[in-house]
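A short write-up of the structure that comes next.
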Protein chains: 2
Amino acid sequence: MVSSEEYKIEDFNEWFNDIIFKAELADQRYNIKGFVVFRPWSVYSISLMFRLYEDKLNDTGHQQVIMPTLIPEENFLKEAEHVEGFTPEVFWVTEHGSEKFENKYALRPTSETAFYFMFKYWLQSYKDLPMKTYQRANVFRYDSKATKPFIRGREFYWYETHNIFETIEDAEEQVLEDMQITEEMLHIAFGIPFIFFKRPQWDKFPGAINTFAADAIIPNGRVLQLPSTHVLGDKFTKTFDVKFKDKDEEVKYAYGTCYGPAISRIYGGMICVHGDKLGLRLPFDLAPIQVIITPLYFKDEDNEKVEKLSIEIAENLDKLGYKVKIDDQKEKTPKERFTFYEMKGVPVRIEIGPKDIFEGVATFFRRDLNEKYKVYLADIYDEIKKIKEEFITNLREQADMAFEEKIVTVTTYDDLKEVIESDQVARVPLCSIDMDGKACADDIKADTKGGEVRGTRMDYEDVPDEEAICVVCGKKADCMVYVGKSY
Amino acid sequence: MVSSEEYKIEDFNEWFNDIIFKAELADQRYNIKGFVVFRPWSVYSISLMFRLYEDKLNDTGHQQVIMPTLIPEENFLKEAEHVEGFTPEVFWVTEHGSEKFENKYALRPTSETAFYFMFKYWLQSYKDLPMKTYQRANVFRYDSKATKPFIRGREFYWYETHNIFETIEDAEEQVLEDMQITEEMLHIAFGIPFIFFKRPQWDKFPGAINTFAADAIIPNGRVLQLPSTHVLGDKFTKTFDVKFKDKDEEVKYAYGTCYGPAISRIYGGMICVHGDKLGLRLPFDLAPIQVIITPLYFKDEDNEKVEKLSIEIAENLDKLGYKVKIDDQKEKTPKERFTFYEMKGVPVRIEIGPKDIFEGVATFFRRDLNEKYKVYLADIYDEIKKIKEEFITNLREQADMAFEEKIVTVTTYDDLKEVIESDQVARVPLCSIDMDGKACADDIKADTKGGEVRGTRMDYEDVPDEEAICVVCGKKADCMVYVGKSY
């Protein structure tokens, strides 16, 4: 395995801003504040990520719908906590042409109040349950924090599932399926490690009974919230009169959950987690160009041979289904050409030079391991196949290692502060993640300049020792929580 | 080939409204006028249609981007004809939270004024051209006509390409590629016949030099506009200052085109064109369920055998990658179960009854031909494969035949009026589709209660006879045009 130190990013914020621009991922020059244009190099991967997620949601019995983007104010006002949470962030449509609407319409910041409005028509009997639905949507939130392309913007792009069940237990069971989907997509397919947390009671989605969320850790030690699931209980079903007749002819309210993988943000997380000093590293299966072929020009009499072989290899790889491109810019040095596509995150480079041809080999450079080596011309296609198969596993293992290294278990308040100070994530005993633990969490946040209690693990039971005490108040610790600053 | 008369739809409007509801394609009970909810049975196919179109746009060198949904009023106001055409239909965002924006933002009715705003940053040199881009987008138009799910609504779902070129000739060339893409998608993949027209000068996109569009013909004889391409010339590039340095270092404006396949509307066209008296007929590759297995229950002692075989066949088909479902509703008669999935457009039904098992066969019903026949159990999988391969060809050939039957060539004004009166489409000599032909077109529209001159064919040269005269004014006919009422 490559030594990660050599390729370590020094100033992460600088790296991120730089790569967005240099790799042409997004453009911040659009003339509305907080709204960003995504460029082809990112959108190609994002679109594939949407497809993979869609297949997974279909496979797990979710049915896709398309809801209107506009939501009537009256729907929106119905659920009090939801309104309170979202109203400050809502964009309102108030006019068409030169006429004012009688009632205004929200640009959906999330779509519970559209889905539950329809569920009341669709749900009749217990036989209709579970009803698992989802949509692909652009959502709008007037976030007052600074825009970060992919990570935070006033419009973003997600799947949102909205599921209803016969019982609250069924609803809670859905959290585990959502966690599993997140594992298979984020970790297995995209190589992004995370912990799936139950969030503290003071950090819930507006209108939820419980909120669960996947947190990744990016190279600067900050935690990044990726998909979250909310158990809504019967709050929205009661508000929107979503009822069913059960087996005994009794009429009951259903119980709801929602899950919101924001693909644009997951893409952001992915480039943060896999990026290195040289630039992006894109998973092989998601890269717009998987193999870049670089002919090396020296003497005129050799160039023709070099170009011919480059084209032949490109054509063969294309036929095998790979995304391949020849970088034949003669006006640039090999070094310039290498550096550019390394920065863009192209998984493999094949260099074709006259000396190599003479020896019957090509020079490979693979971005998962940052390794350069020779491959016999006859073995090129097997080698690419092998790289394709290994690539995401290598990225994932490196990311897993970096993830684990960022987490430090502490048992004292001083150690906690030191860990947060040093841009890491602390695992720490706390009195409670119910409302009675909020005072301690507030202290932590104040004393660490922003360290947040992210919650308790959902993937396995992580309980404190018998005698463990809360690092803040000294009461008996009820749980092990993770504390980190959010990106 | 099946006799189409037997399955002919009698009252098309009734059929359409009925099928939307009964097949659970869309729901019109959402509480904003003109906004419709698309349900899983339609969205499954629509999502696959988006994928096929995306692959095709990528293959033809278009690069996908994501633009913000909001467009500043100032961008919008820049191109005069464009503004005039769209302003009455624009939804405006004027507030966030409880605050008013200083300037208002349009919900994009189309995105020229976002793309060209960005093109000015992206275009530098002739080497950047052609620049072919597209996005998947929901667009918003306050259409005052009555809503028809998929066909007409105030929010719809499309790909929009925006391409810029070095010369006007290159831009005009793009029309031919767009026509080819339309052929490969609509006709070949979805089975929808159409004519690709050059529209008359009086029927252009606001801001275009020329508009081209594919018209399908639905069973009631109405024409339905499907994707259109617009040659924008240098109007938007001049407005938004989109320039490049050419080979001679001269600075020039680029020339633009756009193409807008509205996938939701194409889906609407597809169900209209293939539908018959029994209901929907969905292309095999787009159907949410491709094979419905119907066990026939008679005597208790046979039912177990029937169910076991049904499950076995379903599992095998599933392993082969088909979308398959068993319809085991014992409370319904076989007839009821047959009718339901015929109406939903499931391509194949396999009936499994005790008598069939005894004979070693299953009964097939295929919706492309509406034919019922026996298949040996051992041959089931080959038969399904064969049906899958033939299905879209059969639908396409039937649709082609119906399309041709609807078109009648006429040379007199009386005949033209009669053809339009009888819900057909007329092919007719006209003086001109430049502005000097507008008076004749207006007469036609008035005298036929809505018959519109749709333009001249782009797929082949269709010129009038030497001595042909315009059916309205009697001047020498410059072109053969098609006249039909639009849906």
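Every chain in the structure tokens takes a letter, A first, then B, and so on in the order presented; its residues are numbered from 1, and the ligands are numbered from 1 following the presented order.
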Inset, instruction - Taking the chain letters and numbering used in this document, name the residues of stretch 215-326 of chain A that DSSP puts in alpha helix (DSSP H), as number ranges by chain. - result: A: 235-239, 263-274, 300-319
Chain A residues near chain B (8 Å cut-off, only C-alpha atoms) as a PDB file with N, CA and C atoms, in the first residue's frame:
ATOM      1  N   ARG A  29     -19.507  31.393 -10.622  1.00  0.00           N
ATOM      2  CA  ARG A  29     -19.724  32.730 -11.190  1.00  0.00           C
ATOM      3  C   ARG A  29     -21.163  32.992 -11.606  1.00  0.00           C
ATOM      4  N   TYR A  30     -22.059  32.024 -11.376  1.00  0.00           N
ATOM      5  CA  TYR A  30     -23.474  32.242 -11.698  1.00  0.00           C
ATOM      6  C   TYR A  30     -23.999  33.395 -10.859  1.00  0.00           C
ATOM      7  N   ASN A  31     -24.891  34.188 -11.434  1.00  0.00           N
ATOM      8  CA  ASN A  31     -25.235  35.443 -10.762  1.00  0.00           C
ATOM      9  C   ASN A  31     -26.434  35.391  -9.810  1.00  0.00           C
ATOM     10  N   ILE A  32     -26.514  34.321  -9.014  1.00  0.00           N
ATOM     11  CA  ILE A  32     -27.374  34.344  -7.825  1.00  0.00           C
ATOM     12  C   ILE A  32     -26.552  33.774  -6.677  1.00  0.00           C
ATOM     13  N   PHE A  35     -26.015  29.890  -5.401  1.00  0.00           N
ATOM     14  CA  PHE A  35     -26.365  28.947  -6.470  1.00  0.00           C
ATOM     15  C   PHE A  35     -25.137  28.718  -7.348  1.00  0.00           C
ATOM     16  N   VAL A  36     -24.856  27.454  -7.576  1.00  0.00           N
ATOM     17  CA  VAL A  36     -23.616  27.060  -8.223  1.00  0.00           C
ATOM     18  C   VAL A  36     -23.946  26.240  -9.470  1.00  0.00           C
ATOM     19  N   VAL A  37     -23.110  26.344 -10.485  1.00  0.00           N
ATOM     20  CA  VAL A  37     -23.264  25.516 -11.685  1.00  0.00           C
ATOM     21  C   VAL A  37     -22.343  24.311 -11.562  1.00  0.00           C
ATOM     22  N   PHE A  38     -22.882  23.127 -11.763  1.00  0.00           N
ATOM     23  CA  PHE A  38     -22.050  21.920 -11.772  1.00  0.00           C
ATOM     24  C   PHE A  38     -21.616  21.650 -13.207  1.00  0.00           C
ATOM     25  N   ARG A  39     -20.337  21.384 -13.390  1.00  0.00           N
ATOM     26  CA  ARG A  39     -19.772  21.219 -14.731  1.00  0.00           C
ATOM     27  C   ARG A  39     -19.657  19.734 -15.109  1.00  0.00           C
ATOM     28  N   PRO A  40     -19.408  19.464 -16.396  1.00  0.00           N
ATOM     29  CA  PRO A  40     -19.471  18.063 -16.862  1.00  0.00           C
ATOM     30  C   PRO A  40     -18.604  17.070 -16.088  1.00  0.00           C
ATOM     31  N   VAL A  43     -20.671  16.226 -13.104  1.00  0.00           N
ATOM     32  CA  VAL A  43     -22.037  15.757 -13.384  1.00  0.00           C
ATOM     33  C   VAL A  43     -22.033  14.338 -13.957  1.00  0.00           C
ATOM     34  N   TYR A  44     -20.988  14.008 -14.712  1.00  0.00           N
ATOM     35  CA  TYR A  44     -20.906  12.647 -15.242  1.00  0.00           C
ATOM     36  C   TYR A  44     -20.958  11.625 -14.101  1.00  0.00           C
ATOM     37  N   GLN A  63     -40.856   2.694  -4.460  1.00  0.00           N
ATOM     38  CA  GLN A  63     -41.475   3.011  -5.746  1.00  0.00           C
ATOM     39  C   GLN A  63     -41.307   4.495  -6.037  1.00  0.00           C
ATOM     40  N   GLN A  64     -40.839   4.764  -7.253  1.00  0.00           N
ATOM     41  CA  GLN A  64     -40.497   6.145  -7.577  1.00  0.00           C
ATOM     42  C   GLN A  64     -41.722   6.940  -8.043  1.00  0.00           C
ATOM     43  N   VAL A  65     -41.831   8.143  -7.554  1.00  0.00           N
ATOM     44  CA  VAL A  65     -42.880   9.069  -7.991  1.00  0.00           C
ATOM     45  C   VAL A  65     -42.221  10.396  -8.370  1.00  0.00           C
ATOM     46  N   ILE A  66     -43.002  11.282  -8.961  1.00  0.00           N
ATOM     47  CA  ILE A  66     -42.537  12.657  -9.190  1.00  0.00           C
ATOM     48  C   ILE A  66     -43.585  13.602  -8.624  1.00  0.00           C
ATOM     49  N   MET A  67     -43.194  14.350  -7.616  1.00  0.00           N
ATOM     50  CA  MET A  67     -44.083  15.331  -6.989  1.00  0.00           C
ATOM     51  C   MET A  67     -43.776  16.719  -7.552  1.00  0.00           C
ATOM     52  N   PRO A  68     -44.761  17.598  -7.562  1.00  0.00           N
ATOM     53  CA  PRO A  68     -44.477  18.980  -7.959  1.00  0.00           C
ATOM     54  C   PRO A  68     -43.405  19.610  -7.065  1.00  0.00           C
ATOM     55  N   ILE A  71     -45.005  23.691  -3.258  1.00  0.00           N
ATOM     56  CA  ILE A  71     -45.862  23.193  -2.184  1.00  0.00           C
ATOM     57  C   ILE A  71     -46.685  24.363  -1.652  1.00  0.00           C
ATOM     58  N   PRO A  72     -48.025  24.206  -1.614  1.00  0.00           N
ATOM     59  CA  PRO A  72     -48.865  25.310  -1.137  1.00  0.00           C
ATOM     60  C   PRO A  72     -48.514  25.684   0.306  1.00  0.00           C
ATOM     61  N   THR A  87     -39.330  27.343   7.922  1.00  0.00           N
ATOM     62  CA  THR A  87     -39.828  28.599   7.365  1.00  0.00           C
ATOM     63  C   THR A  87     -38.748  29.640   7.061  1.00  0.00           C
ATOM     64  N   PRO A  88     -37.779  29.832   7.945  1.00  0.00           N
ATOM     65  CA  PRO A  88     -36.782  30.868   7.639  1.00  0.00           C
ATOM     66  C   PRO A  88     -36.005  30.579   6.352  1.00  0.00           C
ATOM     67  N   GLU A  89     -35.975  29.314   5.932  1.00  0.00           N
ATOM     68  CA  GLU A  89     -35.149  28.921   4.785  1.00  0.00           C
ATOM     69  C   GLU A  89     -35.935  28.812   3.483  1.00  0.00           C
ATOM     70  N   VAL A  90     -37.245  29.076   3.526  1.00  0.00           N
ATOM     71  CA  VAL A  90     -38.066  28.789   2.350  1.00  0.00           C
ATOM     72  C   VAL A  90     -38.011  29.919   1.323  1.00  0.00           C
ATOM     73  N   PHE A  91     -37.851  29.527   0.051  1.00  0.00           N
ATOM     74  CA  PHE A  91     -38.043  30.440  -1.077  1.00  0.00           C
ATOM     75  C   PHE A  91     -39.526  30.413  -1.445  1.00  0.00           C
ATOM     76  N   TRP A  92     -40.116  31.576  -1.652  1.00  0.00           N
ATOM     77  CA  TRP A  92     -41.541  31.640  -1.958  1.00  0.00           C
ATOM     78  C   TRP A  92     -41.807  32.123  -3.382  1.00  0.00           C
ATOM     79  N   VAL A  93     -42.687  31.402  -4.057  1.00  0.00           N
ATOM     80  CA  VAL A  93     -43.171  31.818  -5.372  1.00  0.00           C
ATOM     81  C   VAL A  93     -44.473  32.567  -5.136  1.00  0.00           C
ATOM     82  N   THR A  94     -44.510  33.816  -5.574  1.00  0.00           N
ATOM     83  CA  THR A  94     -45.681  34.644  -5.256  1.00  0.00           C
ATOM     84  C   THR A  94     -46.362  35.222  -6.492  1.00  0.00           C
ATOM     85  N   GLU A  95     -45.704  35.126  -7.657  1.00  0.00           N
ATOM     86  CA  GLU A  95     -46.265  35.763  -8.855  1.00  0.00           C
ATOM     87  C   GLU A  95     -46.109  34.862 -10.071  1.00  0.00           C
ATOM     88  N   HIS A  96     -46.990  35.071 -11.043  1.00  0.00           N
ATOM     89  CA  HIS A  96     -46.770  34.490 -12.365  1.00  0.00           C
ATOM     90  C   HIS A  96     -47.079  35.582 -13.364  1.00  0.00           C
ATOM     91  N   GLY A  97     -46.246  35.645 -14.433  1.00  0.00           N
ATOM     92  CA  GLY A  97     -46.386  36.745 -15.366  1.00  0.00           C
ATOM     93  C   GLY A  97     -46.358  38.041 -14.566  1.00  0.00           C
ATOM     94  N   SER A  98     -47.374  38.858 -14.717  1.00  0.00           N
ATOM     95  CA  SER A  98     -47.391  40.088 -13.926  1.00  0.00           C
ATOM     96  C   SER A  98     -48.490  40.033 -12.868  1.00  0.00           C
ATOM     97  N   PHE A 117     -49.691  14.763   1.847  1.00  0.00           N
ATOM     98  CA  PHE A 117     -50.944  15.237   1.245  1.00  0.00           C
ATOM     99  C   PHE A 117     -51.488  14.171   0.285  1.00  0.00           C
ATOM    100  N   MET A 118     -50.616  13.519  -0.472  1.00  0.00           N
ATOM    101  CA  MET A 118     -51.052  12.486  -1.425  1.00  0.00           C
ATOM    102  C   MET A 118     -51.304  11.140  -0.744  1.00  0.00           C
ATOM    103  N   TYR A 142     -32.701  28.404   1.872  1.00  0.00           N
ATOM    104  CA  TYR A 142     -31.950  29.646   1.979  1.00  0.00           C
ATOM    105  C   TYR A 142     -31.004  29.535   3.174  1.00  0.00           C
ATOM    106  N   GLU A 155     -29.481  25.343  -3.558  1.00  0.00           N
ATOM    107  CA  GLU A 155     -30.239  24.313  -4.273  1.00  0.00           C
ATOM    108  C   GLU A 155     -29.382  23.067  -4.252  1.00  0.00           C
TER     109      GLU A 155
END
Inset, instruction - Could you give me, as a list in words, the residues within 12 Å of A:Ile469, counting only C-alpha atoms and dropping anything in the same chain fewer than 5 positions from it? - result: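 The residues that qualify are Val410, Thr411, Thr412, Tyr413, Val428, Pro429, Leu430, Cys431, Ser432, Val463, Pro464, Gly474, Lys475, Lys476, Ala477, Asp478, Cys479 and Met480 of chain A.
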Legend entry - Polymer residues at most 10 Å from A:Leu278, only C-alpha atoms, same-chain spacing of 4 or more positions, as a list in words: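 Selected residues are Tyr7, Lys8, Ile9, Trp15, Ile19, Thr339, Phe340, Tyr341, Glu342, Met343, Lys344, Gly345, Arg367 and Asn370 of chain A.
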Please dump the current selection as a compact mmCIF listing (two decimals), in the first residue's frame; keep C-alpha atoms.
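That gives us part-v3.txt:
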# COMPACT_ATOMS: atom_id res chain seq x y z
CA TYR A 7 0.47 12.43 -0.83
CA LYS A 8 -1.13 14.06 2.18
CA ILE A 9 -3.03 17.29 1.64
CA TRP A 15 -7.02 22.16 -1.74
CA ILE A 19 -9.69 21.48 -7.08
CA THR A 339 -0.06 16.26 -13.93
CA PHE A 340 -3.29 17.50 -15.48
CA TYR A 341 -5.05 14.14 -15.62
CA GLU A 342 -3.63 13.05 -12.29
CA MET A 343 -5.24 16.18 -10.90
CA LYS A 344 -8.53 15.36 -12.68
CA GLY A 345 -8.54 11.96 -10.97
CA ARG A 367 -4.07 6.63 -9.24
CA ASN A 370 0.06 6.26 -7.25
Legend entry - Point-to-point distance from atom CA of A:Ile151 to atom CA of A:Tyr259, Å rounded to tenths: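 These two atoms are separated by 17.7 Å.
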Inset, instruction - Tell me which of B:Gly260, B:Gly221, B:Gly85, B:Gly437 sits closest to B:Lys204, counting only C-alpha atoms. - result: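 Checking each candidate against B:Lys204, we get B:Gly85 as the closest.
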Please report, as a Markdown table, each residue of stretch 186-277 of chain B lying at most 12 Å from stretch 388-399 of chain B, together with the nearest pair of atoms and the separation in Å rounded to one decimal; use only C-alpha atoms, and order rows by chain and ascending residue number.
| residue | atom | partner | partner_atom | distance |
| --- | --- | --- | --- | --- |
| B:Leu186 | CA | B:Arg396 | CA | 9.9 |
| B:His187 | CA | B:Arg396 | CA | 7.1 |
| B:Ile188 | CA | B:Arg396 | CA | 7.6 |
| B:Ala189 | CA | B:Ile392 | CA | 7.3 |
| B:Phe190 | CA | B:Ile392 | CA | 7.2 |
| B:Gly191 | CA | B:Arg396 | CA | 4.2 |
| B:Ile192 | CA | B:Arg396 | CA | 6.6 |
| B:Pro193 | CA | B:Ala399 | CA | 6.6 |
| B:Phe194 | CA | B:Ala399 | CA | 9.9 |
| B:Ala216 | CA | B:Ala399 | CA | 10.1 |
| B:Ile217 | CA | B:Ala399 | CA | 9.4 |
| B:Ile218 | CA | B:Ala399 | CA | 9.4 |
| B:Pro219 | CA | B:Ala399 | CA | 9.5 |
| B:Gly269 | CA | B:Ala399 | CA | 11.5 |
| B:Met270 | CA | B:Ala399 | CA | 10.0 |
| B:Ile271 | CA | B:Leu395 | CA | 11.2 |
| B:Cys272 | CA | B:Ala399 | CA | 10.3 |
| B:Val273 | CA | B:Ala399 | CA | 6.5 |
| B:His274 | CA | B:Leu395 | CA | 6.7 |
| B:Gly275 | CA | B:Leu395 | CA | 9.9 |
| B:Asp276 | CA | B:Ala399 | CA | 11.1 |
Inset, instruction - Mind checking which residues fall within 6 Å of A:Val483, counting only C-alpha atoms, ignoring those fewer than 3 positions away in the same chain, and posting them as an MDAnalysis selection string? - result: chainID A and resid 425:426 451:454
Inset, instruction - Tell me which protein, DNA and RNA residues are within 9 Å of B:Met179, counting only C-alpha atoms, leaving out same-chain ones fewer than 6 positions away, and put them as number ranges by chain. - result: B: 196, 212-214, 228-229, 458-459
Hey, can you spit out that residue selection with C-alpha atoms as a PDB file, in the first residue's frame?
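And here is the file that came out, selection.pdb:
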ATOM      1  CA  PHE B 196     -39.522  16.087 -38.234  1.00  0.00           C
ATOM      2  CA  PHE B 212     -37.753  22.380 -36.124  1.00  0.00           C
ATOM      3  CA  ALA B 213     -39.973  19.873 -34.348  1.00  0.00           C
ATOM      4  CA  ALA B 214     -41.116  16.269 -34.356  1.00  0.00           C
ATOM      5  CA  SER B 228     -38.039  20.532 -31.023  1.00  0.00           C
ATOM      6  CA  THR B 229     -34.734  22.062 -32.080  1.00  0.00           C
ATOM      7  CA  MET B 458     -36.800  17.644 -42.866  1.00  0.00           C
ATOM      8  CA  ASP B 459     -36.215  13.928 -43.425  1.00  0.00           C
TER       9      ASP B 459
END
Inset, instruction - Apply DSSP to the backbone of this structure and, from stretch 208-326 of chain B, keep only the residues in strand (DSSP E); write these as a ChimeraX atom specification. - result: /B:210-217,223-233,243-245,251-253,255-259,291-295,324-326
Same residues, C-alpha atoms, saved as a PDB file, in the first residue's frame:
ATOM      1  CA  ASN B 210     -35.695  28.690 -37.241  1.00  0.00           C
ATOM      2  CA  THR B 211     -37.587  26.076 -35.297  1.00  0.00           C
ATOM      3  CA  PHE B 212     -37.753  22.380 -36.124  1.00  0.00           C
ATOM      4  CA  ALA B 213     -39.973  19.873 -34.348  1.00  0.00           C
ATOM      5  CA  ALA B 214     -41.116  16.269 -34.356  1.00  0.00           C
ATOM      6  CA  ASP B 215     -44.888  15.804 -34.623  1.00  0.00           C
ATOM      7  CA  ALA B 216     -46.506  12.506 -33.699  1.00  0.00           C
ATOM      8  CA  ILE B 217     -50.129  11.720 -34.539  1.00  0.00           C
ATOM      9  CA  VAL B 223     -50.805  16.087 -33.929  1.00  0.00           C
ATOM     10  CA  LEU B 224     -48.646  16.158 -30.830  1.00  0.00           C
ATOM     11  CA  GLN B 225     -45.428  18.167 -30.806  1.00  0.00           C
ATOM     12  CA  LEU B 226     -42.559  16.169 -29.357  1.00  0.00           C
ATOM     13  CA  PRO B 227     -38.903  17.340 -29.229  1.00  0.00           C
ATOM     14  CA  SER B 228     -38.039  20.532 -31.023  1.00  0.00           C
ATOM     15  CA  THR B 229     -34.734  22.062 -32.080  1.00  0.00           C
ATOM     16  CA  HIS B 230     -34.157  25.761 -32.452  1.00  0.00           C
ATOM     17  CA  VAL B 231     -31.441  27.457 -34.437  1.00  0.00           C
ATOM     18  CA  LEU B 232     -30.729  30.551 -32.390  1.00  0.00           C
ATOM     19  CA  GLY B 233     -28.078  31.993 -34.681  1.00  0.00           C
ATOM     20  CA  LYS B 243     -17.249  35.171 -28.172  1.00  0.00           C
ATOM     21  CA  PHE B 244     -14.186  33.247 -29.247  1.00  0.00           C
ATOM     22  CA  LYS B 245     -10.865  33.836 -30.923  1.00  0.00           C
ATOM     23  CA  VAL B 251     -12.860  37.649 -32.168  1.00  0.00           C
ATOM     24  CA  LYS B 252     -16.263  36.345 -33.259  1.00  0.00           C
ATOM     25  CA  TYR B 253     -19.633  35.517 -31.778  1.00  0.00           C
ATOM     26  CA  TYR B 255     -23.834  30.424 -33.122  1.00  0.00           C
ATOM     27  CA  GLY B 256     -26.260  28.479 -30.980  1.00  0.00           C
ATOM     28  CA  THR B 257     -28.864  25.737 -31.097  1.00  0.00           C
ATOM     29  CA  CYS B 258     -31.035  24.074 -28.490  1.00  0.00           C
ATOM     30  CA  TYR B 259     -33.029  20.847 -28.435  1.00  0.00           C
ATOM     31  CA  VAL B 291     -44.241 -10.782 -17.330  1.00  0.00           C
ATOM     32  CA  ILE B 292     -47.290 -11.338 -15.152  1.00  0.00           C
ATOM     33  CA  ILE B 293     -47.834 -14.923 -14.081  1.00  0.00           C
ATOM     34  CA  THR B 294     -51.449 -15.803 -13.335  1.00  0.00           C
ATOM     35  CA  PRO B 295     -52.045 -19.086 -11.500  1.00  0.00           C
ATOM     36  CA  VAL B 324     -41.816 -10.582 -13.194  1.00  0.00           C
ATOM     37  CA  LYS B 325     -44.730 -10.762 -10.775  1.00  0.00           C
ATOM     38  CA  ILE B 326     -47.228 -13.422  -9.726  1.00  0.00           C
TER      39      ILE B 326
END
Non-local contacts of B:Glu307 (12 Å; only C-alpha atoms; under 3 positions in same chain excluded) as a compact mmCIF listing (two decimals) with N, CA and C atoms, in the first residue's frame:
# COMPACT_ATOMS: atom_id res chain seq x y z
N ILE B 293 -47.49 -13.51 -14.12
CA ILE B 293 -47.83 -14.92 -14.08
C ILE B 293 -49.15 -15.07 -13.31
N THR B 294 -50.13 -15.69 -13.95
CA THR B 294 -51.45 -15.80 -13.34
C THR B 294 -51.78 -17.27 -13.07
N PRO B 295 -51.63 -17.72 -11.83
CA PRO B 295 -52.04 -19.09 -11.50
C PRO B 295 -53.58 -19.18 -11.54
N LEU B 296 -54.07 -20.23 -12.17
CA LEU B 296 -55.53 -20.40 -12.24
C LEU B 296 -55.96 -21.42 -11.20
N TYR B 297 -56.81 -20.95 -10.30
CA TYR B 297 -57.22 -21.81 -9.18
C TYR B 297 -58.53 -22.51 -9.51
N PHE B 298 -58.57 -23.83 -9.35
CA PHE B 298 -59.83 -24.55 -9.49
C PHE B 298 -60.10 -25.37 -8.23
N ASP B 300 -58.84 -27.39 -4.76
CA ASP B 300 -57.79 -27.27 -3.76
C ASP B 300 -56.60 -28.19 -4.03
N GLU B 301 -56.89 -29.41 -4.44
CA GLU B 301 -55.79 -30.37 -4.59
C GLU B 301 -54.84 -29.98 -5.73
N ASP B 302 -55.33 -29.17 -6.69
CA ASP B 302 -54.47 -28.73 -7.80
C ASP B 302 -53.71 -27.43 -7.49
N ASN B 303 -54.30 -26.63 -6.59
CA ASN B 303 -53.77 -25.28 -6.40
C ASN B 303 -52.30 -25.26 -6.00
N GLU B 304 -51.95 -26.21 -5.17
CA GLU B 304 -50.57 -26.23 -4.69
C GLU B 304 -49.60 -26.42 -5.86
N SER B 310 -45.85 -21.77 -10.70
CA SER B 310 -45.82 -20.31 -10.93
C SER B 310 -44.58 -19.69 -10.29
N ILE B 311 -44.33 -20.10 -9.05
CA ILE B 311 -43.17 -19.56 -8.33
C ILE B 311 -41.87 -19.96 -9.02
N GLU B 312 -41.82 -21.21 -9.46
CA GLU B 312 -40.61 -21.71 -10.13
C GLU B 312 -40.31 -20.90 -11.40
N ILE B 313 -41.36 -20.69 -12.19
CA ILE B 313 -41.17 -19.91 -13.43
C ILE B 313 -40.77 -18.47 -13.11
N ALA B 314 -41.44 -17.90 -12.10
CA ALA B 314 -41.13 -16.52 -11.72
C ALA B 314 -39.67 -16.39 -11.29
N ILE B 326 -46.14 -12.43 -9.76
CA ILE B 326 -47.23 -13.42 -9.73
C ILE B 326 -48.49 -12.72 -9.22
N ASP B 327 -49.56 -12.86 -9.97
CA ASP B 327 -50.83 -12.27 -9.56
C ASP B 327 -51.70 -13.36 -8.93
N ASP B 328 -51.56 -13.54 -7.63
CA ASP B 328 -52.22 -14.67 -6.98
C ASP B 328 -53.47 -14.27 -6.18
N GLN B 329 -54.13 -13.25 -6.62
CA GLN B 329 -55.32 -12.79 -5.90
C GLN B 329 -56.48 -13.78 -6.08
N LYS B 330 -56.65 -14.62 -5.07
CA LYS B 330 -57.68 -15.67 -5.17
C LYS B 330 -59.09 -15.10 -5.16
N GLU B 351 -50.39 -17.83 -18.13
CA GLU B 351 -51.41 -18.46 -17.28
C GLU B 351 -50.97 -19.89 -16.96
N ILE B 352 -51.05 -20.23 -15.70
CA ILE B 352 -50.69 -21.59 -15.27
C ILE B 352 -51.94 -22.24 -14.68
N GLY B 353 -52.52 -23.22 -15.39
CA GLY B 353 -53.70 -23.92 -14.88
C GLY B 353 -53.44 -25.41 -14.77
N PRO B 354 -54.26 -26.11 -14.00
CA PRO B 354 -54.03 -27.54 -13.79
C PRO B 354 -54.08 -28.35 -15.09
N ILE B 357 -50.82 -27.81 -16.92
CA ILE B 357 -49.71 -28.56 -16.32
C ILE B 357 -49.75 -30.01 -16.76
